[in-house]
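**Student:** Following this message is one structure expressed as structure tokens.
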Amino acid sequence: MPDIGIHFPQAEIPSDFAIIRDFAQAAEAQGFSHINVPDHVLQTRTPRADFPAAARYTTEFPHHEAIVMLAYIAGVTSRMRLKTAVLILPQRQAVLVAKQAAELDIVSGGRMQLGVGLGWNHPEYEALDMDFKNRGKRMVEQIEVCRLLWTEEHPSFQGIWHTFHDAGLAAMPIQQPIPVWIGAFAPPAIARAAQIGDGWQAMLPAPDAEAAQTFADFRNAVRDAGRDPDQVGIEATILATGDNPEAWVEEARRWFDVGATQVMFRPRGDFAYIQRAIAGFAPLMKDI
């Protein structure tokens, strides 16, 4: 079975624990390898950015808290990997995120993956009292802090933004370290993923020749950083609309052909449509 995950429909799924449970358990039973839960801590009344997607991140489109939601999903599933995709790491305290991810790894039996990104929503940074302007450099240090805490019992660290001495997490995670995937679409962020990520959460429009070249360039950047490209994953996304499961299957095949190591299936529509799309796509995954 190919490595295909499912997007957790934050803004579309009803706020009913039984429906959320049934969605997660059905996804696991249908053969999805992992579930991606995105992160937004608060939303504004009206869009605060000048690109079209910002219109979907107002209070009309609710977002469950990503870490808590993954903890619930961990408790009602047994096989799927659990991924924040992506957690806006620089608007959160790194040591606390390290603790939360470690605990999720424990209660899930070692299924946690921490997908992180910079985010774009300035009001969230403002409300959480975090600096929006230095978020790129700070995230690099945050990832270093997390990995240190996941792999050493009594580490010390003195950085620009983080300091601790002879102190660590108890209990430690099962995976040491927990895989860190970096969501990126701007060139500096993609370069950052190549340098320090265990995987790249790619946002490319189509599995075409341009995507193939971008993936090849990414792997070359991984190699230039002294790392093994075969050990760094690439996840592509299928944004499914309409009613054509065969076309989605063909898109998944093409993503793997151009270099993706895994694919995330993301139907776009209301919750009833999402359920129909998944029901149509899942039985065909075995043929990819």
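In the structure tokens, chains take the letters A, B, ... in the order shown, each chain's residues start at 1, and ligands count up from 1 in the order shown.
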Please identify all polymer residues within 9 Å of A:Glu141, counting only C-alpha atoms, omitting same-chain residues fewer than 3 positions from it, and present them as a count of residues only.
**Tutor:** 10
**Student:** Give me the residues near A:Ala216 as a PyMOL selection string, where near means some atom within 10 Å (using only C-alpha atoms) and where sequence neighbours in that chain fewer than 6 positions away do not count.
**Tutor:** chain A and resi 210+222+229+258-259
**Student:** Using N, CA and C atoms, can you export the residues from the last selection as a compact mmCIF listing (two decimals), in the first residue's frame?
**Tutor:**
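Below is the file again-v5.txt, written as the result:
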```
# COMPACT_ATOMS: atom_id res chain seq x y z
N GLU A 210 7.90 20.74 -13.73
CA GLU A 210 8.43 21.75 -12.80
C GLU A 210 8.53 21.19 -11.39
N VAL A 222 19.64 18.87 -0.03
CA VAL A 222 19.84 17.96 1.10
C VAL A 222 21.26 17.37 1.05
N PRO A 229 19.74 12.17 0.93
CA PRO A 229 18.40 12.50 0.42
C PRO A 229 17.40 11.37 0.58
N VAL A 258 7.12 11.76 -9.83
CA VAL A 258 8.02 12.92 -9.90
C VAL A 258 8.88 13.07 -8.66
N GLY A 259 8.70 12.19 -7.66
CA GLY A 259 9.63 12.20 -6.55
C GLY A 259 9.07 12.32 -5.15
```
**Student:** Please list as a list in words every residue within 9 Å of A:Gly233, counting only C-alpha atoms and excluding residues in the same chain fewer than 5 positions away.
**Tutor:**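 So, after excluding close chain neighbours, the residues are Trp181, Gly197, Asp198, Gly199, Trp200, Gln201, Ala260, Thr261 and Gln262 of chain A.
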**Student:** With N, CA, C and O atoms retained, export the selected residues as a PDB file, in the first residue's frame.
**Tutor:**
```pdb
ATOM      1  N   TRP A 181       8.998  17.446  10.307  1.00  0.00           N
ATOM      2  CA  TRP A 181       8.743  17.825   8.920  1.00  0.00           C
ATOM      3  C   TRP A 181       8.533  19.337   8.873  1.00  0.00           C
ATOM      4  O   TRP A 181       7.913  19.909   9.778  1.00  0.00           O
ATOM      5  N   GLY A 197      15.362  19.468   8.049  1.00  0.00           N
ATOM      6  CA  GLY A 197      14.118  18.731   8.195  1.00  0.00           C
ATOM      7  C   GLY A 197      14.281  17.234   7.981  1.00  0.00           C
ATOM      8  O   GLY A 197      15.125  16.792   7.209  1.00  0.00           O
ATOM      9  N   ASP A 198      13.452  16.454   8.650  1.00  0.00           N
ATOM     10  CA  ASP A 198      13.346  15.030   8.345  1.00  0.00           C
ATOM     11  C   ASP A 198      12.439  14.810   7.148  1.00  0.00           C
ATOM     12  O   ASP A 198      12.417  13.716   6.568  1.00  0.00           O
ATOM     13  N   GLY A 199      11.672  15.833   6.798  1.00  0.00           N
ATOM     14  CA  GLY A 199      10.816  15.781   5.633  1.00  0.00           C
ATOM     15  C   GLY A 199      10.372  17.171   5.258  1.00  0.00           C
ATOM     16  O   GLY A 199      10.424  18.106   6.068  1.00  0.00           O
ATOM     17  N   TRP A 200       9.949  17.311   4.018  1.00  0.00           N
ATOM     18  CA  TRP A 200       9.443  18.574   3.497  1.00  0.00           C
ATOM     19  C   TRP A 200       7.969  18.416   3.168  1.00  0.00           C
ATOM     20  O   TRP A 200       7.599  17.566   2.379  1.00  0.00           O
ATOM     21  N   GLN A 201       7.140  19.232   3.805  1.00  0.00           N
ATOM     22  CA  GLN A 201       5.716  19.304   3.504  1.00  0.00           C
ATOM     23  C   GLN A 201       5.569  20.281   2.344  1.00  0.00           C
ATOM     24  O   GLN A 201       5.519  21.488   2.529  1.00  0.00           O
ATOM     25  N   ALA A 260       7.747  12.440  -5.000  1.00  0.00           N
ATOM     26  CA  ALA A 260       7.186  12.468  -3.647  1.00  0.00           C
ATOM     27  C   ALA A 260       7.355  11.101  -2.986  1.00  0.00           C
ATOM     28  O   ALA A 260       7.265  10.064  -3.655  1.00  0.00           O
ATOM     29  N   THR A 261       7.604  11.092  -1.689  1.00  0.00           N
ATOM     30  CA  THR A 261       7.686   9.827  -0.949  1.00  0.00           C
ATOM     31  C   THR A 261       6.366   9.478  -0.281  1.00  0.00           C
ATOM     32  O   THR A 261       6.145   8.332   0.093  1.00  0.00           O
ATOM     33  N   GLN A 262       5.495  10.470  -0.124  1.00  0.00           N
ATOM     34  CA  GLN A 262       4.163  10.231   0.409  1.00  0.00           C
ATOM     35  C   GLN A 262       3.237  11.339  -0.075  1.00  0.00           C
ATOM     36  O   GLN A 262       3.676  12.390  -0.527  1.00  0.00           O
TER      37      GLN A 262
END
```
**Student:** Residues near A:Gln30, anyone? I mean within 10 Å using only C-alpha atoms, not counting same-chain ones fewer than 4 positions away, as a list of chain:residue names.
**Tutor:** A:Ala24, A:Gln25, A:Ala26, A:Ile278, A:Ala279, A:Phe281, A:Ala282, A:Pro283, A:Met285
**Student:** Among stretch 141-285 of chain A, which ones does DSSP place in strand (DSSP E or B), written as a list in words?
**Tutor:**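 Taking stretch 141-285 of chain A and keeping strand (DSSP E or B) only, one gets Phe157, Gln158, Thr163, Phe164, Val180, Trp181, Ile182, Gly183, Ala184, Gly199, Trp200, Gln201, Ala202, Gly233, Ile234, Glu235, Ala236, Thr237, Ile238, Leu239, Ala240, Gln262, Val263, Met264, Phe265, Arg266 and Pro267 of chain A.
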**Student:** Need to verify the contact set: A:Gln142, 12 Å, only C-alpha atoms, exclusion of same-chain residues closer than 4 positions in sequence. Can you return it as a ChimeraX atom specification?
**Tutor:** /A:88-98,116-118,135-138,146-149,157-163,180,196
**Student:** When you count only C-alpha atoms, which of these residues is closest to A:Val76: A:Tyr57, A:Phe23, A:Phe164, A:Trp120?
**Tutor:**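 Smallest separation from A:Val76 among the options: A:Phe23.
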**Student:** Among the residues of stretch 165-195 of chain A, find those DSSP assigns to alpha helix (DSSP H) from the backbone and print them as an NGL selection string.
**Tutor:** :A and (187-195)
**Student:** Please, could you write that set of residues out with all heavy atoms as an mmCIF file, in the first residue's frame?
**Tutor:**
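File written: result30.cif
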```cif
data_model
loop_
_atom_site.group_PDB
_atom_site.id
_atom_site.type_symbol
_atom_site.label_atom_id
_atom_site.label_comp_id
_atom_site.auth_asym_id
_atom_site.auth_seq_id
_atom_site.Cartn_x
_atom_site.Cartn_y
_atom_site.Cartn_z
ATOM 1 N N PRO A 187 11.325 29.909 -1.276
ATOM 2 C CA PRO A 187 12.672 29.337 -1.414
ATOM 3 C C PRO A 187 13.495 29.296 -0.128
ATOM 4 O O PRO A 187 14.120 28.265 0.157
ATOM 5 C CB PRO A 187 13.317 30.225 -2.477
ATOM 6 C CG PRO A 187 12.169 30.661 -3.332
ATOM 7 C CD PRO A 187 11.021 30.864 -2.373
ATOM 8 N N PRO A 188 13.528 30.359 0.704
ATOM 9 C CA PRO A 188 14.322 30.248 1.933
ATOM 10 C C PRO A 188 13.811 29.154 2.878
ATOM 11 O O PRO A 188 14.603 28.474 3.541
ATOM 12 C CB PRO A 188 14.172 31.635 2.569
ATOM 13 C CG PRO A 188 13.812 32.539 1.452
ATOM 14 C CD PRO A 188 12.964 31.713 0.538
ATOM 15 N N ALA A 189 12.496 28.997 2.924
ATOM 16 C CA ALA A 189 11.924 27.970 3.793
ATOM 17 C C ALA A 189 12.198 26.572 3.251
ATOM 18 O O ALA A 189 12.446 25.633 4.019
ATOM 19 C CB ALA A 189 10.419 28.192 3.958
ATOM 20 N N ILE A 190 12.161 26.408 1.930
ATOM 21 C CA ILE A 190 12.489 25.113 1.335
ATOM 22 C C ILE A 190 13.950 24.769 1.607
ATOM 23 O O ILE A 190 14.287 23.623 1.931
ATOM 24 C CB ILE A 190 12.192 25.127 -0.179
ATOM 25 C CG1 ILE A 190 10.690 25.307 -0.418
ATOM 26 C CG2 ILE A 190 12.679 23.835 -0.839
ATOM 27 C CD1 ILE A 190 10.315 25.514 -1.872
ATOM 28 N N ALA A 191 14.818 25.766 1.504
ATOM 29 C CA ALA A 191 16.238 25.542 1.813
ATOM 30 C C ALA A 191 16.410 25.129 3.272
ATOM 31 O O ALA A 191 17.234 24.250 3.588
ATOM 32 C CB ALA A 191 17.039 26.811 1.516
ATOM 33 N N ARG A 192 15.636 25.732 4.165
ATOM 34 C CA ARG A 192 15.693 25.369 5.580
ATOM 35 C C ARG A 192 15.269 23.911 5.782
ATOM 36 O O ARG A 192 15.876 23.168 6.563
ATOM 37 C CB ARG A 192 14.802 26.324 6.378
ATOM 38 C CG ARG A 192 14.903 26.172 7.883
ATOM 39 C CD ARG A 192 13.981 27.166 8.584
ATOM 40 N NE ARG A 192 14.293 28.540 8.250
ATOM 41 C CZ ARG A 192 13.489 29.371 7.602
ATOM 42 N NH1 ARG A 192 12.285 28.977 7.214
ATOM 43 N NH2 ARG A 192 13.858 30.609 7.353
ATOM 44 N N ALA A 193 14.221 23.502 5.073
ATOM 45 C CA ALA A 193 13.763 22.114 5.170
ATOM 46 C C ALA A 193 14.842 21.155 4.699
ATOM 47 O O ALA A 193 15.041 20.077 5.281
ATOM 48 C CB ALA A 193 12.482 21.926 4.359
ATOM 49 N N ALA A 194 15.567 21.521 3.634
ATOM 50 C CA ALA A 194 16.634 20.668 3.123
ATOM 51 C C ALA A 194 17.791 20.557 4.113
ATOM 52 O O ALA A 194 18.435 19.511 4.217
ATOM 53 C CB ALA A 194 17.142 21.211 1.785
ATOM 54 N N GLN A 195 18.035 21.626 4.846
ATOM 55 C CA GLN A 195 19.169 21.646 5.762
ATOM 56 C C GLN A 195 18.890 20.896 7.060
ATOM 57 O O GLN A 195 19.767 20.198 7.584
ATOM 58 C CB GLN A 195 19.548 23.094 6.072
ATOM 59 C CG GLN A 195 20.150 23.829 4.880
ATOM 60 C CD GLN A 195 20.167 25.335 5.070
ATOM 61 O OE1 GLN A 195 19.708 25.864 6.089
ATOM 62 N NE2 GLN A 195 20.696 26.049 4.085
#
```
**Student:** Just how far from atom CA of A:Ile288 is atom CA of A:Pro2, in Å to one decimal?
**Tutor:**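 That distance, rounded to one decimal, is 6.6 Å.
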**Student:** Between A:Ile4, A:Arg111, A:Lys99, A:Phe218, which residue has the minimum interatomic distance to A:Ala171, considering only C-alpha atoms?
**Tutor:**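 Smallest distance to A:Ala171 is found for A:Lys99.
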**Student:** Quote the spacing between atom CA of A:Leu42 and atom CA of A:Pro173 in Å to one decimal place.
**Tutor:**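 Taking atom CA of A:Leu42 as the start and atom CA of A:Pro173 as the end point, the length is 28.5 Å.
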**Student:** Please identify all polymer residues within 10 Å of A:His34, counting only C-alpha atoms, omitting same-chain residues fewer than 3 positions from it, and present them as a VMD selection string.
**Tutor:** chain A and resid 3 to 7 24 27 to 28 31 37 79 to 83 111 to 113 262 to 264
**Student:** Please identify all polymer residues within 12 Å of A:Leu239, counting only C-alpha atoms, omitting same-chain residues fewer than 6 positions from it, and present them as a PyMOL selection string.
**Tutor:** chain A and resi 6-7+203-207+245+247-249+251-252+263-269+274+277-278
